[in-house]
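Chemist: This is the structure, below, for whatever I ask next.
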Protein chains: 4
Amino acid sequence: MLDCVVTDAKIVNHTGIFEGEIGIRDGRITQVAKGISETTDRKVSARGKMVLPGLVDGHTHMEFPFMGTVTADDFESGTVASACGGVTTIIDFSIQPKGSSLLETYELWRKKADPKVCVDYSLHMVIREANQANLNQIRQIIRKGVQSVKLFMTYRRDGLLMSDINIYRIMKEVAKYGGVVGLHCENNDYIECLVSEFLAAEKTEPYYHAKSRPPEAEVEAVRRATTLAGFANANMYVVHMSTRGAMESVVEARNRGLDVYAETCPHYLTFTENMYRGLAAKNYVMSPPLRRREDKEALWLGLASGQIRTVASDHCCFTSEQKDLGKEDFSRIPNGVPGTEVILPILYHGVSRGLISLERLVQLTSYNPARQFGLFPRKGTIQVGSDADIVVLDPKKRQRLSKDNLHSRMDNSIYERITVTGFPVLTLSRGRVVHEDGQFVGKRGGGSYVPGRPHSVRPKDL
Amino acid sequence: MLDCVVTDAKIVNHTGIFEGEIGIRDGRITQVAKGISETTDRKVSARGKMVLPGLVDGHTHMEFPFMGTVTADDFESGTVASACGGVTTIIDFSIQPKGSSLLETYELWRKKADPKVCVDYSLHMVIREANQANLNQIRQIIRKGVQSVKLFMTYRRDGLLMSDINIYRIMKEVAKYGGVVGLHCENNDYIECLVSEFLAAEKTEPYYHAKSRPPEAEVEAVRRATTLAGFANANMYVVHMSTRGAMESVVEARNRGLDVYAETCPHYLTFTENMYRGLAAKNYVMSPPLRRREDKEALWLGLASGQIRTVASDHCCFTSEQKDLGKEDFSRIPNGVPGTEVILPILYHGVSRGLISLERLVQLTSYNPARQFGLFPRKGTIQVGSDADIVVLDPKKRQRLSKDNLHSRMDNSIYERITVTGFPVLTLSRGRVVHEDGQFVGKRGGGSYVPGRPHSVRPKDL
Amino acid sequence: MLDCVVTDAKIVNHTGIFEGEIGIRDGRITQVAKGISETTDRKVSARGKMVLPGLVDGHTHMEFPFMGTVTADDFESGTVASACGGVTTIIDFSIQPKGSSLLETYELWRKKADPKVCVDYSLHMVIREANQANLNQIRQIIRKGVQSVKLFMTYRRDGLLMSDINIYRIMKEVAKYGGVVGLHCENNDYIECLVSEFLAAEKTEPYYHAKSRPPEAEVEAVRRATTLAGFANANMYVVHMSTRGAMESVVEARNRGLDVYAETCPHYLTFTENMYRGLAAKNYVMSPPLRRREDKEALWLGLASGQIRTVASDHCCFTSEQKDLGKEDFSRIPNGVPGTEVILPILYHGVSRGLISLERLVQLTSYNPARQFGLFPRKGTIQVGSDADIVVLDPKKRQRLSKDNLHSRMDNSIYERITVTGFPVLTLSRGRVVHEDGQFVGKRGGGSYVPGRPHSVRPKDL
Amino acid sequence: MLDCVVTDAKIVNHTGIFEGEIGIRDGRITQVAKGISETTDRKVSARGKMVLPGLVDGHTHMEFPFMGTVTADDFESGTVASACGGVTTIIDFSIQPKGSSLLETYELWRKKADPKVCVDYSLHMVIREANQANLNQIRQIIRKGVQSVKLFMTYRRDGLLMSDINIYRIMKEVAKYGGVVGLHCENNDYIECLVSEFLAAEKTEPYYHAKSRPPEAEVEAVRRATTLAGFANANMYVVHMSTRGAMESVVEARNRGLDVYAETCPHYLTFTENMYRGLAAKNYVMSPPLRRREDKEALWLGLASGQIRTVASDHCCFTSEQKDLGKEDFSRIPNGVPGTEVILPILYHGVSRGLISLERLVQLTSYNPARQFGLFPRKGTIQVGSDADIVVLDPKKRQRLSKDNLHSRMDNSIYERITVTGFPVLTLSRGRVVHEDGQFVGKRGGGSYVPGRPHSVRPKDL
């Protein structure tokens with residue numbers, strides 16, 4: 001007796017598309033077959049729809065303390081938005097409070113998330129300092145399933161900037177245990193200098209946020225980061241990559257034999273810097289900022305060719321009121337935008353336009369992040385034995401991405417004017433329906449922590 | 001009741017390494033678990049060994065008529081060598097006899113191979129002419145499972161050279177049905193010119209084979225091919241890629257958004273052009289020829305970074321006697337070397353040296369070719385539902401790659417002086433042991449044709 | 001007693017700017033000094049102006065038979081336009097009439113040009129066929145001063161297409177004598193194919209001219225050409241380069257050690273493909289066509305960095321009536337636009353915008369082409385001993401580039417709506433004033449043929 | 001009446017080769033002609049020889065305090081070596097003593113050099129700190145003719161390391177006045193880290209000097225430097241560039257529109273890292289260290305293609321005894337080797353091998369450095385009006401580059417075992433013979449300071 005069978009499914013995995021039925025019991029997929037005869041508690045018909053593995057959103061900031069405030073979505077509201085967007089796993093960034101150890105930070109985040117999360121989650125760890133205590137605990141947090149460490153090459157004022165030599169040290173340590181280092185790549189010094197120049201010239205509007213963080217600042221930092229990774233013989237990935245130049249630098253690092261990953265975000269695939277000329281400019285303030293059209297086009301090409309490995313939301317949202325912290329000074333606007341609910345529709349729009357294939361969509365949003373962060377094959381695929389994390393997408397459903405239709409606690413949507421064709425209509429998280437037709441129908445705390453398994457280290461250790 | 005259980009297995013898939021047991025029934029994998037309680041006919045212990053999915057050798061030429069002779073291995077002797085090297089699927093090149101249609105060629109090859117093959121096989125199709133009859137049958141052969149078409153940018157004398165415009169036409173047609181085009185990339189004109197110059201100067205030794213086919217000839221052709229693929233919006237792959245420059249050109253094509261694949265071969269990963277100075281130079285004559293050390297190093301880096309997708313043998317062997325056809329004229333030496341039996345040991349040697357990881361080895365030799373040619377998930381992975389094609393590798397077994405230890409019909413081995421540590425000791429083809437400890441124990445005709453499924457075509461067709 | 005002294009001159013050479021006076025006698029510069037005391041026949045005050053070496057326009061087609069008609073400017077009207085634009089030397093393309101030898105062609109062009117040219121001129125030679133007769137005469141025409149040979153990689157219908165192997169042969173021969181090969185780089189086959197497709201779909205408007213000659217067609221051909229030059233160990237240059245990708249390919253060839261030159265034209269620096277949407281689209285039909293904004297920007301960057309060596313006009317003009325030959329079929333519109341008179345103002349506009357320096361302008365338009373084609377130090381610089389070819393530019397003069405102000409025989413100007421600030425107001429050709437304030441004041445036949453000296457060949461010949 | 005006439009001269013300028021005679025009066029070239037009839041005090045026959053403009057060695061360290069000692073050559077012995085190697089101008093690095101201002105440093109260096117120099121010289125200025133006082137004096141030293149500022153991205157222990165933001169600040173200031181910034185590009189942090197690791201492991205031999213300064217450290221720094229130059233919109237050049245990767249980064253910066261220069265040195269063109277395995281390893285310790293063969297080859301290609309602009313000696317020599325300061329610790333070995341006397345023979349060897357042309361040699365060693373540092377047309381060419389700085393090279397003279405034949409105060413020669421064919425046999429410095437057949441025949445203090453003229457600044461300032 002099965003708990004659920006998805007029938008008439010056009011199933012899209014990272015390797016191809018096929019028709020069949022999916023049998024589910026105890027939260028896992030137990031059958032993938034042409035016709036399932038076993039009885040079942042519930043049938044979900046997917047006729048005329050597409051059935052994909054639930055998305056793994058590898059980059060979220062729920063309840064994240066940043067720039068003097070805290071992000072608007074907590075683990076509940078945020079993961080409700082995820083569920084309604086077809087995301088069945090988020091990987092959130094735990095960040096050390098002053099004086100906390102890495103392990104304490106891990107525990108703190110578990111305590112914050114466990115009672116609230118509505119879909120499964122895993123964790124990254126932001127390290128603020130390369131002191132010996134932190135270096136010593138890297139091994140331990142990897143054992144806890146936090147196998148990805150994040151470092152910042154900017155944000156000095158917020159105490160996040162990490163020096164080159166310390167990046168190198170942490171990379172070496174993380175690599176030892178099969179973990180991976182993610183980097184926010186922007187050249188801090190150059191940005192600081194430009195910010196000072198603009199503020200000194202009383203150029204305080206959000207428009208100068210973008211001007212003070214030019215593409216070159218990202219490109220330079222990506223190059224430096226990949227060079228350090230080469231020195232340390234470490235795996236690394238570039239988070240929220242936004243420019244053509246950065247992508248070229250990642251590719252160049254691959255030519256030197258490094259297996260560097262890169263992630264981009266839905267907003268870089270949708271908007272350009274023109275948004276900073278509009279009335280709602282402050283709402284588009286994130287770092288790196290929106291870029292030129294040629295960057296946007298290059299990112300889509302990168303998705304098509306496989307040079308960009310993942311798309312994640314960088315869901316990090318602040319209400320209009322919070323954004324007003326920077327009313328007089330663009331550098332004080334809390335950086336970040338929502339996104340976890342729109343990854344799938346934005347990418348599916350790319351499928352409709354012929355920019356990427358459906359299999360690629362699944363690779364970018366589910367299979368690749370699951371593999372990269374050690375969650376595969378539990379997550380990231382529709383196959384026997386995997387968690388029954390499944391999203392049903394209706395390719396004909398038209399939906400305006402307005403704040404009224406989205407589930408975050410945001411009081412506005414940067415996608416307000418955009419209407420897409422193709423939208424998720426049902427989400428299963430470990431076999432339970434958590435979202436149906438725009439309604440969240442799961443429960444607070446229904447999700448669980450899923451530890452990531454580290455990558456195999458170098459064969460000599462075998 | 002199972003047919004076979006592999007116990008104590010350190011299982012290496014493309015996604016990672018784990019310990020467990022593999023249960024097999026009716027030629028398929030039915031269980032992958034920590035402990036299998038079901039009874040079984042046979043137990044295979046893999047204690048101290050590694051268990052990998054059987055290799056998919058995507059590039060072989062058995063019974064191949066070429067340069068006035070026919071390759072030394074037929075489908076029997078060739079696939080015996082495959083089996084003993086851990087290869088459980090070969091993809092062979094069918095080639096049109098003068099006047100035959102594509103469908104007739106397909107049938108001819110089936111007739112040649114079916115009664116003899118000792119492991120499973122699939123087929124590519126070489127097209128010699130872009131006439132309407134051939135264009136029309138592309139759709140049909142793809143339906144037969146031949147979803148990869150091969151074109152030559154050289155070998156005019158052998159009637160294989162295809163013009164740019166015809167490459168473009170075929171690419172467009174193949175892409176329509178989700179097939180892929182593989183190209184032998186070398187600039188024909190430049191090579192012809194150099195060959196004439198050398199022969200005119202009475203430089204007839206094998207050494208001039210390499211001199212007349214310089215790296216630049218490959219690089220140029222790869223660029224042209226990827227450009228044509230861009231024009232045609234088609235998938236393509238570069239067969240037997242041998243140079244750093246070619247790899248850079250492939251990467252550059254990816255930067256333009258093309259999902260180009262590249263394959264290299266064990267000999268390019270082992271030898272350099274120095275071999276053409278030796279006494280056995282003729283035995284190393286293949287096209288493209290062996291290259292400089294820096295190319296060899298770049299290819300290994302390409303495997304490490306994932307920029308090269310597959311390693312295949314280009315098994316195309318001619319005996320010393322056959323090689324003597326070019327005794328007086330290097331351009332008459334039949335081009336080709338054996339390789340299907342050494343892919344695994346040569347790559348494992350790279351693992352031992354820390355150049356690539358074990359998972360990468362599986363990706364390069366099994367998972368990627370299976371996916372690329374539509375054989376996944378039946379081939380290319382150890383998972384429930386897949387064919388029980390499995391190879392057991394003993395990481396401590398030392399083996400000299402001498403002709404006495406290899407199973408091809410060759411009278412010599414280009415790897416004669418090389419001793420490796422790490423060698424396959426047992427091969428299962430669809431659940432049956434076909435090779436054990438260097439002995440072929442399968443049977444003639446024991447393998448079957450496995451049709452490739454075409455790639456999904458562009459989403460607009462969904 | 002001097003013939004002329006230019007006083008109060010802010011002299012701009014390729015190496016810098018300095019103030020001084022220029023003394024001229026017998027058509028040559030005899031003094032460059034702070035104060036010239038010697039008496040003089042005439043004084044030209046350059047107060048408030050800039051004094052540059054006369055431009056060398058390395059790419060013109062006067063009286064050029066092409067696509068079933070002949071260009072609108074003959075050697076008289078064309079060089080009047082040159083003189084009024086500050087150009088004191090043109091290098092025109094002689095082209096073999098069917099059946100004529102290279103030497104006959106050279107003589108024919110001398111006969112056409114000598115009685116009419118109003119400024120000095122030199123010659124390139126278009127070769128249509130790589131037959132032995134032509135190969136044999138290469139040496140001889142180089143001795144006549146025609147040290148640059150031009151080959152086409154497109155225009156099959158017009159009998160100009162040259163195959164790869166023949167390009168290679170000619171390159172080798174030209175290199176032997178220190179000559180250089182210029183190439184029109186566009187992939188013929190791909191263009192032909194697109195043209196057929198558009199015409200078959202009854203897309204006959206000029207807009208499809210551009211669509212049928214995409215950037216990739218140029219990029220591919222540049223790569224092939226530089227590869228062939230590498231094979232032949234020959235100098236080469238890319239004429240009228242129009243895309244970012246082509247420039248990147250040229251640079252890449254330099255990384256391989258080739259000293260490849262590249263030329264671009266004023267129209268690529270001014271317009272984008274948008275012009276093909278306008279009413280006058282036919283007037284903008286040239287090959288390669290106008291490109292995207294990003295290409296235009298990349299070309300300016302190439303001028304700034306020195307990666308592009310020269311700017312020439314590709315002056316090849318057809319009246320509106322002539323353009324109507326392609327009224328029903330864009331592929332029949334005679335390709336070409338005027339330009340010799342606007343090189344200086346268009347580039348000076350780039351100086352005003354801070355895109356390039358004045359010295360760079362002189363390098364691009366005078367020093368570099370003079371050196372490249374063996375005319376330096378007679379042309380290309382203001383120094384003692386050089387020909388007194390001098391242009392005085394008024395940086396404040398505003399001028400609309402309308403047909404009424406230009407001197408070509410054209411009945412329209414593609415620059416009609418453009419008004420520039422900074423325009424040549426006086427031109428000296430070998431010491432004689434030939435243009436003053438928009439009036440041509442020289443005489444028909446006043447110019448002479450200037451033979452180019454070949455480059456030194458490889459040091460082994462010394 | 002002339003002071004000197006060079007007869008039968010095969011004159012090589014940067015633009016070509018021609019035969020003629022050179023007339024000299026008062027230290028300047030007054031005639032360059034086929035036959036000079038004017039009487040002369042002295043005739044120098046150059047029959048069978050080549051006559052080149054005297055070399056401008058743009059990178060020397062005479063009497064340079066560094067790593068706890070002072071270089072072995074003072075301005076006398078060093079410039080004697082220069083003269084005997086055909087170098088007629090050196091550009092030496094003045095460096096701030098603790099507490100000295102830039103102007104004081106300039107004066108100090110003038111005082112050191114003026115009484116001793118045997119050929120002409122100009123000066124660069126090393127800046128140690130980006131404090132306001134130093135920034136303020138940049139304008140003044142440029143007016144003194146010191147138009148090139150040098151910054152270090154390494155050597156923290158020696159008080160030379162400059163931070164990114166300060167490099168950026170200085171670049172902006174220098175660019176304002178038309179100066180140029182030269183950078184020693186190596187990533188300090190990574191090197192420090194490797195040095196510590198090696199020393200901790202008791203790996204103290206000179207071999208580890210090279211291992212601790214890997215190619216990647218240079219490549220990364222070049223990228224960072226060119227990025228900063230892009231930010232500052234400044235001219236810059238990379239001193240003593242040693243790797244293929246660095247060259248590629250320079251080229252890439254050009255693609256972005258920067259006019260970046262690069263210099264390499266004779267030792268990188270001659271040796272590879274193998275020298276660190278020999279007994280005399282300590283004598284080859286310089287930074288960056290000697291590299292791989294592929295780097296050496298790439299540098300020669302860069303000279304051939306023009307991507308590398310200059311070759312200078314980085315003459316910075318320490319005796320064997322001085323080198324012993326690092327007997328127990330490779331990081332204490334004073335960094336540097338001699339070279340001013342061998343630039344010409346080493347490059348001419350490249351001419352003989354067909355790697356570069358003679359004109360290119362003149363560009364690299366004379367014309368380009370003269371232009372780059374504002375000394376042209378006084379230096380860098382044989383033309384009327386220029387200083388009579390001339391070197392006569394005998395293409396047949398064989399010479400061992402042993403310490404016995406060289407003129408530096410060194411007690412050994414890193415070129416000891418190398419014998420070249422082609423050597424300077426006579427040097428004229430402003431018309432006076434200063435070297436003849438290996439003998440220095442000039443006088444102490446015979447040279448003068450030659451101020452460099454800054455580059456024209458951006459056209460908006462005109």
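Simple scheme: letters A, B, ... for chains in structure tokens order, numbers from 1 for residues in each chain, numbers from 1 for ligands in the order shown.
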Within 6 Å of chain C, which residues of chain D show up when using only C-alpha atoms, listed as a list in words?
Modeler: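 Residues of chain D within 6 Å of chain C, counting only C-alpha atoms: Arg254, Gly257, Leu258, Asp259, Leu301, Gly302, Ala304, Ser305, Ser357 and Pro459 of chain D.
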Chemist: Counting only C-alpha atoms, what is within 8 Å of C:Glu273, bar same-chain residues fewer than 4 positions away, as a list in words?
Modeler: Ala210, Arg277, Pro289, Leu290, Arg291 and Arg292 of chain C
Chemist: Excluding stretch 448-450 of chain B and residues on its chain fewer than 2 positions from it, collect all residues at most 8 Å away from it, counting only C-alpha atoms, and give them as a PyMOL selection string.
Modeler: chain B and resi 110+114+117+119-122+145+375+445-446+452
Chemist: Can you write out the residues you just picked, keeping C-alpha atoms, as a PDB file, in the first residue's frame?
Modeler:
```pdb
ATOM      1  CA  ARG B 110      24.109  -5.271 -36.843  1.00  0.00           C
ATOM      2  CA  ASP B 114      25.314  -9.371 -33.296  1.00  0.00           C
ATOM      3  CA  VAL B 117      29.986  -9.308 -29.594  1.00  0.00           C
ATOM      4  CA  VAL B 119      29.675  -7.371 -24.351  1.00  0.00           C
ATOM      5  CA  ASP B 120      26.827  -4.990 -25.202  1.00  0.00           C
ATOM      6  CA  TYR B 121      27.261  -2.479 -27.973  1.00  0.00           C
ATOM      7  CA  SER B 122      25.671   0.540 -29.579  1.00  0.00           C
ATOM      8  CA  GLY B 145      19.103   3.962 -31.710  1.00  0.00           C
ATOM      9  CA  LEU B 375      22.348   4.837 -22.683  1.00  0.00           C
ATOM     10  CA  GLY B 445      27.581 -13.333 -29.158  1.00  0.00           C
ATOM     11  CA  GLY B 446      26.816 -12.910 -25.479  1.00  0.00           C
ATOM     12  CA  GLY B 452      20.668   5.002 -27.711  1.00  0.00           C
TER      13      GLY B 452
END
```
Chemist: Taking 3 positions as the minimum chain separation for residues in the same chain, which residues sit within 8 Å of stretch 234-240 of chain D when counting only C-alpha atoms? Answer as a PDB file with N, CA and C atoms, in the first residue's frame.
Modeler:
```pdb
ATOM      1  N   MET D 171      48.574  55.538  -8.665  1.00  0.00           N
ATOM      2  CA  MET D 171      48.320  55.485 -10.109  1.00  0.00           C
ATOM      3  C   MET D 171      47.523  56.704 -10.567  1.00  0.00           C
ATOM      4  N   LYS D 172      46.507  57.057  -9.817  1.00  0.00           N
ATOM      5  CA  LYS D 172      45.682  58.198 -10.208  1.00  0.00           C
ATOM      6  C   LYS D 172      46.494  59.486 -10.242  1.00  0.00           C
ATOM      7  N   VAL D 174      49.851  59.798 -10.505  1.00  0.00           N
ATOM      8  CA  VAL D 174      50.886  59.765 -11.546  1.00  0.00           C
ATOM      9  C   VAL D 174      50.252  60.021 -12.912  1.00  0.00           C
ATOM     10  N   ALA D 175      49.080  59.430 -13.123  1.00  0.00           N
ATOM     11  CA  ALA D 175      48.420  59.573 -14.422  1.00  0.00           C
ATOM     12  C   ALA D 175      48.066  61.033 -14.705  1.00  0.00           C
ATOM     13  N   GLY D 179      52.695  60.660 -16.156  1.00  0.00           N
ATOM     14  CA  GLY D 179      53.706  59.673 -15.809  1.00  0.00           C
ATOM     15  C   GLY D 179      53.164  58.260 -15.961  1.00  0.00           C
ATOM     16  N   VAL D 180      54.011  57.317 -15.635  1.00  0.00           N
ATOM     17  CA  VAL D 180      53.626  55.925 -15.777  1.00  0.00           C
ATOM     18  C   VAL D 180      54.065  55.175 -14.520  1.00  0.00           C
ATOM     19  N   VAL D 181      53.304  54.142 -14.140  1.00  0.00           N
ATOM     20  CA  VAL D 181      53.642  53.363 -12.960  1.00  0.00           C
ATOM     21  C   VAL D 181      54.117  51.981 -13.385  1.00  0.00           C
ATOM     22  N   GLY D 182      55.299  51.608 -12.902  1.00  0.00           N
ATOM     23  CA  GLY D 182      55.819  50.258 -13.131  1.00  0.00           C
ATOM     24  C   GLY D 182      55.597  49.420 -11.889  1.00  0.00           C
ATOM     25  N   LEU D 183      55.254  48.169 -12.070  1.00  0.00           N
ATOM     26  CA  LEU D 183      54.985  47.345 -10.890  1.00  0.00           C
ATOM     27  C   LEU D 183      55.759  46.043 -10.885  1.00  0.00           C
ATOM     28  N   HIS D 184      56.307  45.745  -9.722  1.00  0.00           N
ATOM     29  CA  HIS D 184      56.839  44.405  -9.477  1.00  0.00           C
ATOM     30  C   HIS D 184      55.650  43.573  -9.038  1.00  0.00           C
ATOM     31  N   CYS D 185      55.239  42.654  -9.885  1.00  0.00           N
ATOM     32  CA  CYS D 185      54.000  41.916  -9.659  1.00  0.00           C
ATOM     33  C   CYS D 185      54.260  40.516  -9.116  1.00  0.00           C
ATOM     34  N   VAL D 222      49.703  40.377 -11.586  1.00  0.00           N
ATOM     35  CA  VAL D 222      49.553  41.139 -12.834  1.00  0.00           C
ATOM     36  C   VAL D 222      48.082  41.454 -13.076  1.00  0.00           C
ATOM     37  N   THR D 226      46.637  45.234 -13.259  1.00  0.00           N
ATOM     38  CA  THR D 226      45.985  45.807 -14.439  1.00  0.00           C
ATOM     39  C   THR D 226      44.553  46.197 -14.099  1.00  0.00           C
ATOM     40  N   ALA D 229      44.833  49.495 -12.495  1.00  0.00           N
ATOM     41  CA  ALA D 229      45.118  50.509 -13.517  1.00  0.00           C
ATOM     42  C   ALA D 229      43.852  50.865 -14.279  1.00  0.00           C
ATOM     43  N   GLY D 230      43.023  49.863 -14.511  1.00  0.00           N
ATOM     44  CA  GLY D 230      41.742  50.135 -15.169  1.00  0.00           C
ATOM     45  C   GLY D 230      40.879  51.025 -14.293  1.00  0.00           C
ATOM     46  N   PHE D 231      40.851  50.736 -13.013  1.00  0.00           N
ATOM     47  CA  PHE D 231      40.097  51.565 -12.084  1.00  0.00           C
ATOM     48  C   PHE D 231      40.591  53.013 -12.142  1.00  0.00           C
ATOM     49  N   LEU D 258      43.137  48.979 -22.121  1.00  0.00           N
ATOM     50  CA  LEU D 258      44.281  49.565 -21.431  1.00  0.00           C
ATOM     51  C   LEU D 258      45.531  49.445 -22.293  1.00  0.00           C
ATOM     52  N   ASP D 259      46.346  50.468 -22.249  1.00  0.00           N
ATOM     53  CA  ASP D 259      47.595  50.424 -22.999  1.00  0.00           C
ATOM     54  C   ASP D 259      48.718  50.035 -22.042  1.00  0.00           C
ATOM     55  N   VAL D 260      48.688  48.791 -21.622  1.00  0.00           N
ATOM     56  CA  VAL D 260      49.647  48.281 -20.641  1.00  0.00           C
ATOM     57  C   VAL D 260      50.926  47.844 -21.343  1.00  0.00           C
ATOM     58  N   TYR D 261      52.070  48.172 -20.761  1.00  0.00           N
ATOM     59  CA  TYR D 261      53.323  47.701 -21.310  1.00  0.00           C
ATOM     60  C   TYR D 261      53.846  46.531 -20.490  1.00  0.00           C
ATOM     61  N   ALA D 262      54.753  45.801 -21.086  1.00  0.00           N
ATOM     62  CA  ALA D 262      55.407  44.747 -20.327  1.00  0.00           C
ATOM     63  C   ALA D 262      56.854  44.651 -20.750  1.00  0.00           C
ATOM     64  N   GLU D 263      57.680  44.370 -19.760  1.00  0.00           N
ATOM     65  CA  GLU D 263      59.125  44.255 -19.956  1.00  0.00           C
ATOM     66  C   GLU D 263      59.557  42.858 -19.530  1.00  0.00           C
ATOM     67  N   THR D 264      60.479  42.268 -20.268  1.00  0.00           N
ATOM     68  CA  THR D 264      61.098  41.060 -19.738  1.00  0.00           C
ATOM     69  C   THR D 264      62.603  41.240 -19.730  1.00  0.00           C
ATOM     70  N   CYS D 265      63.332  40.229 -19.274  1.00  0.00           N
ATOM     71  CA  CYS D 265      64.776  40.380 -19.049  1.00  0.00           C
ATOM     72  C   CYS D 265      65.528  39.250 -19.726  1.00  0.00           C
ATOM     73  N   PRO D 288      60.998  37.934 -10.029  1.00  0.00           N
ATOM     74  CA  PRO D 288      60.562  36.539  -9.993  1.00  0.00           C
ATOM     75  C   PRO D 288      61.700  35.609 -10.385  1.00  0.00           C
ATOM     76  N   ALA D 312      64.763  44.720 -20.741  1.00  0.00           N
ATOM     77  CA  ALA D 312      65.716  45.457 -19.932  1.00  0.00           C
ATOM     78  C   ALA D 312      66.443  44.468 -19.049  1.00  0.00           C
ATOM     79  N   ASP D 314      67.316  44.484 -15.618  1.00  0.00           N
ATOM     80  CA  ASP D 314      67.168  44.321 -14.165  1.00  0.00           C
ATOM     81  C   ASP D 314      68.539  44.020 -13.570  1.00  0.00           C
TER      82      ASP D 314
END
```
Chemist: Show which residues sit within 12 Å of B:Ala133, as a ChimeraX atom specification. Count only C-alpha atoms, and ignore same-chain residues fewer than 3 positions away.
Modeler: /B:99-103,127-130,136-140,170
Chemist: Run DSSP on the backbone and tell me which residues of stretch 307-437 of chain C come out as strand (DSSP E); list them as a list in words.
Modeler: Thr310, Val311, Ile390, Val391, Val392, Leu393, Asp394, Pro395, Lys396, Lys397, Arg398, Gln399, Arg400, Thr419, Val420, Thr421, Gly422, Phe423, Pro424, Val425, Leu426, Thr427, Leu428, Ser429, Arg432, Val433, Val434, His435 and Glu436 of chain C
Chemist: Looking only at alpha helix (DSSP H) from DSSP on the backbone, list the matching residues of stretch 71-279 of chain D as a count of residues only.
Modeler: 95
Chemist: Which residues come within 7 Å of stretch 43-58 of chain C, counting only C-alpha atoms, excluding same-chain residues fewer than 5 positions away, as a PyMOL selection string?
Modeler: chain C and resi 4-13+86-91+312-313+340+365-366+369-370+380-382+389-395
Chemist: Show me, as a list in words, the residues that have an atom within 8 Å of B:Tyr276 when counting only C-alpha atoms, minus same-chain residues fewer than 4 positions from it.
Modeler: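 Near neighbours after the sequence-gap exclusion: Pro206, Tyr207, Ala210, Ala280, Ala281, Lys282 and Tyr284 of chain B.
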